[in-house]
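> If you scroll down you'll find the structure; I have some questions about it.
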Amino acid sequence: MKRIVFILCMVGLLVGCGTRETDVVKLDYMPKQWVVRDLYSGRMDAKSETWASHILGACTGEPITQIEGDVTVFNSYALNRKAMISDYDPNNYKLVTFLKGKENYTICYDGDYTRMKLGKIDELPDFLDLTSGVEVPHVPLIKVGTKEEEKVAEQSDPSEYLGMPINLFEETMVHVTTPLNGTIGLTIGEQQGLFPISFIEPYNAQMGTAKIALGYNDKLKQAYFYFEATNGTTSLQPFVVWDEDEFGHEPIQFEGLQVERVLQSDTLDPGVKTPLYTFSYMKNGKRVKEDVSLTYTKGEFATKKSIEEDINANIIANPSVPRGPFFFLHKTPLDGAATLDYPDTLRAAGIDMSDLMNAFEEAEPVDRAGEMGDYPLLTIIDGWKGQEFQLSFKKRSKKVDVYVTDETRDQTFKLTSAGVETFFSYFPDLKK
């Protein structure tokens, strides 16, 4: 008989029969907590909330350092968490760009680190507009503009908002098409300046090819960059250089400025100083000449090591800032209508939540719940994911039982006696 029971137990283990512990904490993306916006158009689609899980999950793979072959850039999406956890929390905002080359890719900005993370994905999401992709080069492309384009730019007169005329120099227009990332540095002589496209980011690809020319205001003796995006949007940006005393970029005066375009290249190769203009102007009573040059520096994508280093450095620099997981007791769902202000919402006290997390993970599945109190909902938020429970209690003569119910699984869990003590220690404002 004993042998038969033993055999039956072994069979049960092999086929998976019998009871198995159910995970209490099972974090997942919570789309209703996020606002999704197309970064280039600014449009928020009515269905975009349902896209949040796909977009958030698109950056979970291992980081890679480069893309092979030509690349087409599609939409970029910015996600903002409706329920703000903390001003310092890195997981309140995410930016994701979708691309296609030999394989499918995403480029993600995660708040935990400043560098862009490049990764592969199996498929592009079906909500992408695959007809609006923009091909991007490996390095910036640059070519001279035409006189006809300069005449059109002169007639557009984007200087009206400045309240003063800005006259464009002839034969100064260039077309610039940017790659995925990097920087374009500007120098005039030995001084560092700012080019209208100084910092190149993936979503800039939707801008297409920009038209850039030089203008001048005689009264202020200052130069300006004329900038025109593919969609026709125009602007003027002052020609500025780095000022060590002011520790910032400041406009510079060019008395009697004359400009000659000297561009001889059709690309800005990495690390190569490429002359763009020659400035001639009066300085201390003499006419001087200085070259205005551009230098492209290729951007680097994040690696697993650099991500870890940035996260650790941020923790060391801000040791007292809570970083999650975060535990909230609240009266209404954290979907944007609720507020995290006290007393509508209670947040678990402290920075280290490991004991409270253990209290939940050690809870046991039960068949019934208790009675709801002033705060019927409990939400755990950890990184981009979260989980919402119904919270209920049952008072006994000498203790209180604490229950949490995951409605998505129709499963209730009861905290252990030790777990109950831990729970109330993290929420001292909650009366037993």
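Residue numbering restarts at 1 for every chain of the structure tokens, chains are lettered A, B, ... in their displayed order, and ligands are numbered from 1 as they appear.
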Can you tell me, as a PyMOL selection string, which residues in region 320-415 of chain A count as strand (DSSP E) by DSSP?

chain A and resi 326-330+345-347+364-366+377-382+385-395+400-406+411-414

> Looking only at helix (DSSP H, G or I) from DSSP on the backbone, list the matching residues of region 148-201 of chain A as a list in words.

Glu148, Glu149, Glu150, Lys151, Val152, Ala153, Glu154, Gln155, Ser156, Pro158, Ser159, Glu160, Tyr161 and Leu162 of chain A

> Write the residues of the selection above to a file with C-alpha atoms, as a PDB file, in the first residue's frame.


```
ATOM      1  CA  GLU A 148      15.077  80.168 -55.173  1.00  0.00           C
ATOM      2  CA  GLU A 149      14.833  78.604 -51.714  1.00  0.00           C
ATOM      3  CA  GLU A 150      16.581  81.614 -50.213  1.00  0.00           C
ATOM      4  CA  LYS A 151      14.065  83.952 -51.862  1.00  0.00           C
ATOM      5  CA  VAL A 152      11.191  81.962 -50.401  1.00  0.00           C
ATOM      6  CA  ALA A 153      12.865  82.034 -46.980  1.00  0.00           C
ATOM      7  CA  GLU A 154      13.346  85.808 -47.222  1.00  0.00           C
ATOM      8  CA  GLN A 155       9.656  86.278 -47.998  1.00  0.00           C
ATOM      9  CA  SER A 156       8.535  84.104 -45.072  1.00  0.00           C
ATOM     10  CA  PRO A 158      10.084  84.723 -39.438  1.00  0.00           C
ATOM     11  CA  SER A 159      11.703  87.775 -37.802  1.00  0.00           C
ATOM     12  CA  GLU A 160       8.364  89.518 -37.241  1.00  0.00           C
ATOM     13  CA  TYR A 161       8.057  88.193 -33.695  1.00  0.00           C
ATOM     14  CA  LEU A 162      11.457  89.730 -32.851  1.00  0.00           C
TER      15      LEU A 162
END
```

> Hey, what's within 6 Å of region 206-223 of chain A if we count only C-alpha atoms and toss same-chain stuff fewer than 2 positions away? As a PyMOL selection string, please?

chain A and resi 166-169+172-177+203-204+225-230+239+253-255

> Using only C-alpha atoms, can you tell me which of A:Ser306, A:Ala418, A:Thr295, A:Asp410 comes closest to Leu356 (chain A)?

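That would be A:Ala418, the residue with the smallest distance to Leu356 (chain A).
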
> Hey, what's within 7 Å of Glu364 (chain A) if we count only C-alpha atoms and toss same-chain stuff fewer than 4 positions away? As a JSON list (two decimals) with all heavy atoms, in the first residue's frame, please?


```json
[["chain", "number", "residue", "atom", "x", "y", "z"],
["A", 413, "PHE", "N", -5.95, 36.77, -0.97],
["A", 413, "PHE", "CA", -4.84, 36.30, -0.17],
["A", 413, "PHE", "C", -4.94, 36.91, 1.23],
["A", 413, "PHE", "O", -5.40, 38.05, 1.39],
["A", 413, "PHE", "CB", -3.50, 36.70, -0.80],
["A", 413, "PHE", "CG", -3.32, 36.22, -2.21],
["A", 413, "PHE", "CD1", -3.75, 37.00, -3.27],
["A", 413, "PHE", "CD2", -2.73, 34.99, -2.47],
["A", 413, "PHE", "CE1", -3.60, 36.56, -4.58],
["A", 413, "PHE", "CE2", -2.58, 34.54, -3.77],
["A", 413, "PHE", "CZ", -3.01, 35.33, -4.83],
["A", 414, "LYS", "N", -4.50, 36.15, 2.20],
["A", 414, "LYS", "CA", -4.52, 36.61, 3.59],
["A", 414, "LYS", "C", -3.09, 36.74, 4.09],
["A", 414, "LYS", "O", -2.30, 35.80, 3.98],
["A", 414, "LYS", "CB", -5.29, 35.61, 4.46],
["A", 414, "LYS", "CG", -5.32, 35.97, 5.94],
["A", 414, "LYS", "CD", -6.04, 34.87, 6.73],
["A", 414, "LYS", "CE", -5.99, 35.14, 8.23],
["A", 414, "LYS", "NZ", -6.64, 34.04, 9.00],
["A", 415, "LEU", "N", -2.77, 37.90, 4.66],
["A", 415, "LEU", "CA", -1.43, 38.11, 5.21],
["A", 415, "LEU", "C", -1.24, 37.27, 6.47],
["A", 415, "LEU", "O", -2.19, 37.05, 7.23],
["A", 415, "LEU", "CB", -1.20, 39.59, 5.53],
["A", 415, "LEU", "CG", -0.64, 40.48, 4.41],
["A", 415, "LEU", "CD1", -1.57, 40.52, 3.21],
["A", 415, "LEU", "CD2", -0.36, 41.89, 4.92]]
```

> A:Thr267, A:Ser354, A:Thr297, A:Thr405: which is nearest Leu141 (chain A), counting only C-alpha atoms?

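Of all the options, A:Thr267 lies closest to Leu141 (chain A).
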